[in-house]
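Visitor: Dropping the structure in here first, questions after.
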Amino acid sequence: MAKAYDLVIIGTGTSAMVASQRTAAAGWKVAVIDFRPFGGTCALRGCDPKKMLIGGATAIDHVRRMRGKGPEGEVRLNWPELIAFKRSFTDPVPAKNEQRYAEKGIETFHGRARFTGRNTVQVGGETLEARHIVIAAGAEPIRLGIPGEEHLTTSEDFLALEQLPKRIVLVGGGFIAAEFSHIAARAGAEVTIFQRGPRMLPNFDPDLVEVLMAKFREIGIDVNVDTAVNAIEKDGSGFVVQATSDGQPRTLKADLVVHSAGRAPALESLDLDAGGLAHHKGRLKLNEFLQSVSNPAVYAAGDAAQMGPPLTPVSSHEAKIVAANLLNGTAQTPNYLGVPSVAFTIPPIAAVGLSERDARAQGLRFRTQHQTASEWFTARQAAEPTYAFKVMVEDKTDRILGAHLVGPHADEVINLFALAIRQGITAEAIKSTMFAYPTGASDIGYML
Ligand SMILES: Cc1cc2nc3c(=O)[nH]c(=O)nc-3n(C[C@H](O)[C@H](O)[C@H](O)COP(=O)(O)OP(=O)(O)OC[C@H]3O[C@@H](n4cnc5c(N)ncnc54)[C@H](O)[C@@H]3O)c2cc1C
Ligand SMILES: NC(=O)c1ccc[n+]([C@@H]2O[C@H](COP(=O)([O-])OP(=O)(O)OC[C@H]3O[C@@H](n4cnc5c(N)ncnc54)[C@H](O)[C@@H]3O)[C@@H](O)[C@H]2O)c1
């Protein structure tokens, strides 16, 4: 006999938590399913544990930058201690999550879910039948289709390493490669990045990435762009990485090879066809309401939906939209205006709104403030010369079209630009705002 629900959600990450709580609060009978410990990527295997490691590495980096300016003596990162500190946060997450679901009357199932019909999913030996199903299954590392890819360490495994090996190769040059390389280099590893694309961090402003690349060089990260990894071979206790760089073969020995070559919606095991769910090239076909185009009972949110950028605040926003559409009728669409993104390198790089290239491609008329600001107080007091910005303001409306920052506090200051872009606050209004001094935000007036 199938168990009956108003809503079954596949996943227990950010999207699932938000959607389940809102619908349960409205009196719906809700169940969530996960085959991993409850809590999802951000809290257990992504943003939060990563930020804890970045915190340790940042402390080391700050002391090193201040050498000869007060702080004295050698500091080094004790990796096992840092990982233990990270675990003090991550270990309690699954039990806390289970408790939150229980308190809200949301039923929980452990196991891999798959569709067996348009309104049914199976988990373990049980069949759950629901008026609606939300796919909040997140993303997983893409398959590279290269020999030896089974030797790759995932981002999940990297964040749980009890010891940090000496020679580390990162395959790919986006968010994960940038962040992990900055952590590992501060911890004393020899780090090499093989990035297939022509530059690192393609989601960020090229001029600011160029400023940040000086930091990669300074801390000894060997960045190879236009370099694709073709094969990974086992070599004793280590590996040999085979790559092609500008058409030339390249070989490198490593103790650890990390997958940082992209993630895609985790849909493979769901049996989408059994659920009557249209899909194309590994993506669900959804309408603007985040609803399946072929089965209106099913919605998706977060990384599994891949409608907006695969970031935690987007997952949360989409889950709110899905919950509203379920509860009040399908009418709301997600709004991706002013979604900030940060790569937590040390220092961080951040972006919100349009890139300069997209603003030009759209034929917009705007002024650009772009400067390397190593001599500004914010940079000097932190002994961090990596400090630059690019901000575009539309001529006609005085609205901010895009803001791009690299340097101390970029990860926090970008939020003020996000607020301005999303709420339509003009450059003049920001300039007339008083910001506490001396803070990262007190530089904003000079960036406009
Ligand atoms: C290393 C790393 C660092 C990141 N750092 C940041 C950051 O700093 N800031 C930021 O905004 N974003 C960051 N992200 C992205 C962010 O973690 C995701 O966008 C977000 O967690 C997605 O949430 P979600 O609810 O859509 O999916 P998830 O949190 O991934 O939840 C999906 C859940 O579904 C489960 N599941 C999958 N398939 C099935 C199935 N068939 N049956 C049952 N359960 C299933 C999975 O086990 C998982 O627990 C990072 C990602 C990674 C990998
Ligand atoms: N701070 C954050 O917000 C944060 C941090 C980590 C991850 N994430 C999320 O997780 C997702 C995945 O991160 P990611 O860094 O794995 O992917 P990414 O999409 O940021 O970068 C992947 C890069 O790998 C390269 N690549 C692909 N195949 C390759 C190969 N065979 N050899 C060499 N290079 C190859 C691509 O050129 C691409 O630039 C991101 O899209 C992001 O949304 C976010």
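Going through the structure tokens in order, the chains are called A, B, and so on, while each chain numbers its residues from 1 and the ligands are numbered from 1 in the order shown.
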Please provide the set of residues having any atom within 8 Å of A:Val258, restricted to only C-alpha atoms, with same-chain residues fewer than 5 positions apart removed, written as a list of chain:residue names.

Guide: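 The filter keeps A:Leu152, A:Thr153, A:Thr154, A:Ser155, A:Phe158, A:Ile168, A:Val169, A:Leu170, A:Val171.
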
Visitor: What residues have any atom no more than 8 Å from ligand 2 when counting only C-alpha atoms and all ligand atoms, and can you list them as a ChimeraX atom specification?

Guide: /A:46-47,141,144,146,171-179,194-203,226-230,243,259-264,309-312,341-344

Visitor: Once you have the residues from the selection above, write them out as a short mmCIF file (atom, residue, chain, number, x, y, z; two decimals), in the first residue's frame, restricted to N, CA and C atoms.

Guide:
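Written file, out-v5.cif:
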```
data_model
loop_
_atom_site.label_atom_id
_atom_site.label_comp_id
_atom_site.auth_asym_id
_atom_site.auth_seq_id
_atom_site.Cartn_x
_atom_site.Cartn_y
_atom_site.Cartn_z
N GLY A 46 29.70 21.72 1.30
CA GLY A 46 29.93 22.86 0.41
C GLY A 46 30.28 24.13 1.15
N CYS A 47 29.40 25.12 1.03
CA CYS A 47 29.67 26.48 1.52
C CYS A 47 30.23 26.55 2.94
N PRO A 141 29.21 16.07 -9.22
CA PRO A 141 30.30 16.35 -10.17
C PRO A 141 30.00 15.75 -11.53
N LEU A 144 33.71 13.24 -16.49
CA LEU A 144 34.65 13.83 -17.44
C LEU A 144 34.86 12.95 -18.66
N ILE A 146 37.01 10.58 -19.04
CA ILE A 146 38.44 10.36 -19.32
C ILE A 146 38.90 9.09 -18.60
N VAL A 171 41.61 19.68 -11.18
CA VAL A 171 41.17 19.60 -12.59
C VAL A 171 40.01 20.57 -12.77
N GLY A 172 40.23 21.64 -13.54
CA GLY A 172 39.22 22.68 -13.70
C GLY A 172 39.71 23.96 -13.05
N GLY A 173 39.08 25.08 -13.44
CA GLY A 173 39.58 26.37 -12.95
C GLY A 173 38.47 27.33 -12.58
N GLY A 174 37.38 26.79 -11.99
CA GLY A 174 36.28 27.66 -11.56
C GLY A 174 36.30 27.90 -10.07
N PHE A 175 35.09 27.94 -9.48
CA PHE A 175 34.94 28.24 -8.05
C PHE A 175 35.76 27.29 -7.17
N ILE A 176 35.56 25.98 -7.38
CA ILE A 176 36.15 25.01 -6.44
C ILE A 176 37.67 25.04 -6.54
N ALA A 177 38.20 25.08 -7.76
CA ALA A 177 39.66 25.11 -7.92
C ALA A 177 40.25 26.35 -7.26
N ALA A 178 39.61 27.49 -7.45
CA ALA A 178 40.14 28.74 -6.89
C ALA A 178 40.15 28.67 -5.35
N GLU A 179 39.03 28.25 -4.79
CA GLU A 179 38.93 28.25 -3.33
C GLU A 179 39.84 27.19 -2.70
N PHE A 194 44.93 22.67 -13.56
CA PHE A 194 44.81 22.50 -15.01
C PHE A 194 43.41 22.97 -15.39
N GLN A 195 43.35 24.09 -16.07
CA GLN A 195 42.07 24.67 -16.46
C GLN A 195 41.94 24.61 -17.97
N ARG A 196 40.89 23.95 -18.44
CA ARG A 196 40.70 23.80 -19.89
C ARG A 196 40.44 25.14 -20.57
N GLY A 197 39.70 26.00 -19.90
CA GLY A 197 39.35 27.30 -20.47
C GLY A 197 40.54 28.24 -20.55
N PRO A 198 40.35 29.38 -21.23
CA PRO A 198 41.48 30.30 -21.44
C PRO A 198 41.86 31.12 -20.22
N ARG A 199 41.01 31.11 -19.17
CA ARG A 199 41.38 31.84 -17.96
C ARG A 199 40.71 31.21 -16.75
N MET A 200 41.22 31.58 -15.58
CA MET A 200 40.61 31.13 -14.34
C MET A 200 39.32 31.90 -14.11
N LEU A 201 38.47 31.35 -13.28
CA LEU A 201 37.26 32.01 -12.78
C LEU A 201 36.47 32.74 -13.88
N PRO A 202 36.01 31.98 -14.89
CA PRO A 202 35.32 32.62 -16.01
C PRO A 202 34.05 33.38 -15.63
N ASN A 203 33.50 33.12 -14.44
CA ASN A 203 32.28 33.84 -14.04
C ASN A 203 32.57 35.23 -13.49
N ASP A 226 44.15 26.86 -20.68
CA ASP A 226 44.16 26.15 -21.98
C ASP A 226 44.77 24.77 -21.84
N THR A 227 44.51 24.13 -20.71
CA THR A 227 45.10 22.82 -20.42
C THR A 227 44.00 21.86 -19.99
N ALA A 228 43.76 20.85 -20.81
CA ALA A 228 42.71 19.87 -20.50
C ALA A 228 43.33 18.59 -19.98
N VAL A 229 42.76 18.05 -18.93
CA VAL A 229 43.22 16.76 -18.39
C VAL A 229 42.58 15.65 -19.21
N ASN A 230 43.43 14.73 -19.71
CA ASN A 230 42.92 13.65 -20.58
C ASN A 230 42.86 12.31 -19.89
N ALA A 243 47.82 15.57 -19.38
CA ALA A 243 47.04 16.72 -19.86
C ALA A 243 47.57 17.16 -21.22
N HIS A 259 38.53 16.81 -8.35
CA HIS A 259 37.54 17.18 -9.38
C HIS A 259 37.03 18.59 -9.08
N SER A 260 37.37 19.52 -9.96
CA SER A 260 36.82 20.87 -9.83
C SER A 260 36.45 21.34 -11.23
N ALA A 261 35.84 20.41 -11.97
CA ALA A 261 35.57 20.64 -13.39
C ALA A 261 34.08 20.82 -13.68
N GLY A 262 33.31 21.14 -12.65
CA GLY A 262 31.90 21.45 -12.86
C GLY A 262 30.95 20.44 -12.26
N ARG A 263 29.72 20.89 -12.00
CA ARG A 263 28.68 20.04 -11.42
C ARG A 263 27.42 20.17 -12.27
N ALA A 264 26.59 19.12 -12.24
CA ALA A 264 25.36 19.12 -13.05
C ALA A 264 24.23 18.53 -12.21
N PRO A 309 21.73 30.61 -11.24
CA PRO A 309 23.07 30.11 -10.89
C PRO A 309 23.01 29.13 -9.72
N PRO A 310 23.83 28.07 -9.73
CA PRO A 310 23.76 27.05 -8.67
C PRO A 310 24.40 27.53 -7.37
N LEU A 311 23.67 28.36 -6.66
CA LEU A 311 24.15 28.96 -5.41
C LEU A 311 23.08 28.80 -4.35
N THR A 312 23.50 28.80 -3.09
CA THR A 312 22.55 28.58 -1.99
C THR A 312 21.42 29.61 -1.93
N SER A 341 27.62 36.76 -6.36
CA SER A 341 28.40 35.54 -6.20
C SER A 341 29.82 35.90 -5.76
N VAL A 342 30.37 35.02 -4.95
CA VAL A 342 31.70 35.25 -4.37
C VAL A 342 32.50 33.98 -4.52
N ALA A 343 33.74 34.09 -4.97
CA ALA A 343 34.69 32.97 -4.85
C ALA A 343 35.55 33.33 -3.64
N PHE A 344 35.53 32.41 -2.67
CA PHE A 344 36.21 32.71 -1.40
C PHE A 344 37.70 32.36 -1.49
#
```

Visitor: Could you please extract the residues within 6 Å of ligand 1, counting only C-alpha atoms and all ligand atoms, and hand them back as a ChimeraX atom specification?

Guide: /A:10-16,33-36,40-42,46-47,111-114,136-139,155,176,266,269-270,302-304,310-313,315

Visitor: I'd like the interatomic distance between atom CA of A:Ala130 and atom CA of A:Thr333, to a tenth of an Å.

Guide: 23.0 Å

Visitor: With DSSP run on the backbone, what are the alpha helix (DSSP H) residues within stretch 252-446 of chain A? I'd like them as a ChimeraX atom specification.

Guide: /A:312-328,356-361,377-381,410-423,427-431,444-446

Visitor: Per DSSP on the backbone, filter stretch 50-196 of chain A down to the residues in strand (DSSP E) and report them as a PyMOL selection string.

Guide: chain A and resi 107-110+113-117+120-123+126-135+139-141+167-171+190-194

Visitor: Once you have the residues from the selection above, write them out as a short mmCIF file (atom, residue, chain, number, x, y, z; two decimals), in the first residue's frame, restricted to N, CA and C atoms.

Guide:
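Final file, again16.cif:
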```
data_model
loop_
_atom_site.label_atom_id
_atom_site.label_comp_id
_atom_site.auth_asym_id
_atom_site.auth_seq_id
_atom_site.Cartn_x
_atom_site.Cartn_y
_atom_site.Cartn_z
N GLU A 107 7.52 14.10 7.58
CA GLU A 107 8.03 12.72 7.66
C GLU A 107 9.33 12.59 6.88
N THR A 108 10.20 11.71 7.37
CA THR A 108 11.53 11.59 6.76
C THR A 108 11.78 10.16 6.30
N PHE A 109 12.41 10.05 5.14
CA PHE A 109 12.77 8.73 4.59
C PHE A 109 14.24 8.74 4.18
N HIS A 110 14.94 7.65 4.52
CA HIS A 110 16.34 7.51 4.12
C HIS A 110 16.44 6.51 2.99
N ALA A 113 15.61 7.92 -3.88
CA ALA A 113 14.25 7.99 -4.42
C ALA A 113 14.28 7.85 -5.94
N ARG A 114 13.26 7.19 -6.46
CA ARG A 114 13.12 7.20 -7.93
C ARG A 114 11.63 7.17 -8.27
N PHE A 115 11.33 7.81 -9.40
CA PHE A 115 9.93 7.86 -9.82
C PHE A 115 9.47 6.49 -10.29
N THR A 116 8.23 6.14 -9.90
CA THR A 116 7.63 4.91 -10.44
C THR A 116 6.33 5.25 -11.19
N GLY A 117 5.95 6.53 -11.14
CA GLY A 117 4.75 6.98 -11.85
C GLY A 117 4.71 8.50 -11.80
N THR A 120 4.12 9.12 -8.08
CA THR A 120 4.67 8.17 -7.10
C THR A 120 6.19 8.09 -7.17
N VAL A 121 6.78 7.97 -6.00
CA VAL A 121 8.21 7.67 -5.93
C VAL A 121 8.40 6.48 -5.01
N GLN A 122 9.50 5.79 -5.29
CA GLN A 122 9.83 4.65 -4.45
C GLN A 122 11.10 4.96 -3.67
N VAL A 123 11.12 4.58 -2.41
CA VAL A 123 12.32 4.71 -1.60
C VAL A 123 12.43 3.47 -0.73
N GLU A 126 9.43 1.12 -0.02
CA GLU A 126 8.15 1.83 0.15
C GLU A 126 7.79 2.68 -1.06
N THR A 127 6.51 2.76 -1.31
CA THR A 127 6.02 3.64 -2.37
C THR A 127 5.28 4.81 -1.73
N LEU A 128 5.67 6.03 -2.13
CA LEU A 128 5.01 7.23 -1.62
C LEU A 128 4.22 7.85 -2.77
N GLU A 129 2.97 8.13 -2.48
CA GLU A 129 2.11 8.74 -3.50
C GLU A 129 1.82 10.17 -3.05
N ALA A 130 1.90 11.12 -3.99
CA ALA A 130 1.73 12.52 -3.57
C ALA A 130 0.98 13.32 -4.62
N ARG A 131 0.22 14.33 -4.14
CA ARG A 131 -0.43 15.24 -5.09
C ARG A 131 0.64 15.97 -5.89
N HIS A 132 1.74 16.30 -5.15
CA HIS A 132 2.85 17.01 -5.80
C HIS A 132 4.18 16.43 -5.36
N ILE A 133 5.17 16.55 -6.24
CA ILE A 133 6.53 16.10 -5.92
C ILE A 133 7.48 17.24 -6.31
N VAL A 134 8.43 17.54 -5.42
CA VAL A 134 9.44 18.56 -5.73
C VAL A 134 10.80 17.87 -5.84
N ILE A 135 11.46 18.09 -6.95
CA ILE A 135 12.82 17.56 -7.12
C ILE A 135 13.79 18.61 -6.60
N ALA A 139 23.06 18.83 -7.11
CA ALA A 139 23.95 18.57 -8.25
C ALA A 139 25.05 17.62 -7.82
N GLU A 140 25.74 17.08 -8.80
CA GLU A 140 26.87 16.19 -8.51
C GLU A 140 27.97 16.48 -9.54
N PRO A 141 29.21 16.07 -9.22
CA PRO A 141 30.30 16.35 -10.17
C PRO A 141 30.00 15.75 -11.53
N ARG A 167 51.38 16.99 -2.86
CA ARG A 167 51.26 17.44 -4.26
C ARG A 167 49.80 17.28 -4.72
N ILE A 168 49.17 18.42 -4.97
CA ILE A 168 47.73 18.38 -5.31
C ILE A 168 47.50 18.98 -6.69
N VAL A 169 46.74 18.24 -7.50
CA VAL A 169 46.33 18.77 -8.81
C VAL A 169 44.83 18.99 -8.79
N LEU A 170 44.40 20.16 -9.25
CA LEU A 170 42.97 20.45 -9.36
C LEU A 170 42.62 20.46 -10.83
N VAL A 171 41.61 19.68 -11.18
CA VAL A 171 41.17 19.60 -12.59
C VAL A 171 40.01 20.57 -12.77
N GLU A 190 51.84 21.76 -2.45
CA GLU A 190 52.25 22.23 -3.79
C GLU A 190 51.05 22.04 -4.69
N VAL A 191 50.51 23.15 -5.20
CA VAL A 191 49.23 23.07 -5.90
C VAL A 191 49.37 23.43 -7.37
N THR A 192 48.79 22.58 -8.21
CA THR A 192 48.77 22.84 -9.66
C THR A 192 47.32 22.83 -10.12
N ILE A 193 46.98 23.81 -10.96
CA ILE A 193 45.62 23.84 -11.54
C ILE A 193 45.73 23.62 -13.05
N PHE A 194 44.93 22.67 -13.56
CA PHE A 194 44.81 22.50 -15.01
C PHE A 194 43.41 22.97 -15.39
#
```

Visitor: Nearest to A:Lys390: which of A:Thr345, A:Asp271, A:Ala59, A:Asp205 is it, counting only C-alpha atoms?

Guide: A:Asp205

Visitor: Quick one: residues within 12 Å of A:Ala441, only C-alpha atoms counted, chain neighbours fewer than 4 positions away excluded, as a PyMOL selection string?

Guide: chain A and resi 378+405+408-417+430-431+433-437+445-447

Visitor: Next, the residues of the selection above should be written as a short mmCIF file (atom, residue, chain, number, x, y, z; two decimals), in the first residue's frame with N, CA and C atoms.

Guide:
```
data_model
loop_
_atom_site.label_atom_id
_atom_site.label_comp_id
_atom_site.auth_asym_id
_atom_site.auth_seq_id
_atom_site.Cartn_x
_atom_site.Cartn_y
_atom_site.Cartn_z
N THR A 378 41.98 50.77 2.98
CA THR A 378 41.46 49.41 3.19
C THR A 378 42.50 48.35 2.85
N LEU A 405 34.27 43.25 -7.57
CA LEU A 405 35.24 43.63 -6.54
C LEU A 405 36.21 42.50 -6.31
N PRO A 408 40.10 42.83 0.21
CA PRO A 408 39.55 42.67 1.55
C PRO A 408 38.09 43.12 1.61
N HIS A 409 37.26 42.36 2.24
CA HIS A 409 35.83 42.65 2.46
C HIS A 409 34.97 42.58 1.19
N ALA A 410 35.53 42.17 0.07
CA ALA A 410 34.73 42.11 -1.17
C ALA A 410 33.51 41.22 -0.96
N ASP A 411 33.67 40.16 -0.16
CA ASP A 411 32.56 39.21 0.06
C ASP A 411 31.41 39.84 0.83
N GLU A 412 31.68 40.86 1.62
CA GLU A 412 30.60 41.53 2.36
C GLU A 412 30.09 42.75 1.58
N VAL A 413 31.02 43.53 1.03
CA VAL A 413 30.62 44.78 0.36
C VAL A 413 29.73 44.49 -0.86
N ILE A 414 29.94 43.34 -1.51
CA ILE A 414 29.14 43.01 -2.70
C ILE A 414 27.65 42.95 -2.35
N ASN A 415 27.33 42.63 -1.10
CA ASN A 415 25.92 42.55 -0.69
C ASN A 415 25.22 43.90 -0.75
N LEU A 416 25.97 44.97 -0.50
CA LEU A 416 25.36 46.31 -0.58
C LEU A 416 25.05 46.66 -2.03
N PHE A 417 25.94 46.26 -2.93
CA PHE A 417 25.65 46.47 -4.36
C PHE A 417 24.47 45.59 -4.79
N ILE A 430 23.19 56.03 -2.93
CA ILE A 430 24.25 55.31 -2.18
C ILE A 430 25.31 56.29 -1.73
N LYS A 431 25.66 57.21 -2.64
CA LYS A 431 26.71 58.19 -2.30
C LYS A 431 26.31 59.06 -1.12
N THR A 433 24.59 58.09 1.36
CA THR A 433 24.45 57.27 2.57
C THR A 433 25.75 57.33 3.38
N MET A 434 25.61 57.39 4.70
CA MET A 434 26.82 57.36 5.53
C MET A 434 27.13 55.93 5.92
N PHE A 435 28.33 55.50 5.64
CA PHE A 435 28.79 54.17 6.04
C PHE A 435 29.82 54.33 7.15
N ALA A 436 29.79 53.43 8.11
CA ALA A 436 30.76 53.48 9.21
C ALA A 436 32.17 53.46 8.64
N TYR A 437 33.06 54.22 9.26
CA TYR A 437 34.43 54.32 8.79
C TYR A 437 35.37 53.89 9.91
N GLY A 445 31.41 54.84 -1.79
CA GLY A 445 31.18 56.16 -2.37
C GLY A 445 32.23 56.52 -3.41
N TYR A 446 33.46 56.04 -3.22
CA TYR A 446 34.56 56.36 -4.16
C TYR A 446 34.59 55.40 -5.34
N MET A 447 33.72 54.39 -5.30
CA MET A 447 33.69 53.42 -6.41
C MET A 447 32.62 53.80 -7.44
#
```

Visitor: Please list as a JSON list (two decimals) with C-alpha atoms, in the first residue's frame every residue within 10 Å of A:Ile321, counting only C-alpha atoms and excluding residues in the same chain fewer than 2 positions away.

Guide:
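Output contents, as saved in selection-v9.json:
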```json
[["chain", "number", "residue", "atom", "x", "y", "z"],
["A", 19, "ALA", "CA", 9.87, 24.22, 0.58],
["A", 289, "PHE", "CA", 7.13, 28.60, -12.73],
["A", 290, "LEU", "CA", 9.75, 25.89, -12.04],
["A", 301, "ALA", "CA", 14.21, 23.95, -7.17],
["A", 315, "SER", "CA", 18.10, 27.51, -4.05],
["A", 316, "SER", "CA", 16.32, 29.18, -1.17],
["A", 317, "HIS", "CA", 14.64, 31.76, -3.42],
["A", 318, "GLU", "CA", 13.45, 29.11, -5.88],
["A", 319, "ALA", "CA", 12.09, 26.94, -3.06],
["A", 323, "ALA", "CA", 6.10, 26.68, -2.22],
["A", 324, "ALA", "CA", 4.06, 29.76, -3.16],
["A", 325, "ASN", "CA", 3.03, 28.17, -6.45],
["A", 326, "LEU", "CA", 1.98, 24.97, -4.69],
["A", 327, "LEU", "CA", 0.01, 26.74, -1.99],
["A", 330, "THR", "CA", 1.01, 28.49, -10.14],
["A", 331, "ALA", "CA", 1.64, 32.19, -10.70],
["A", 332, "GLN", "CA", 5.07, 33.17, -9.37],
["A", 333, "THR", "CA", 8.34, 33.15, -11.26],
["A", 334, "PRO", "CA", 11.86, 33.44, -9.83],
["A", 335, "ASN", "CA", 13.63, 36.79, -10.01]]
```
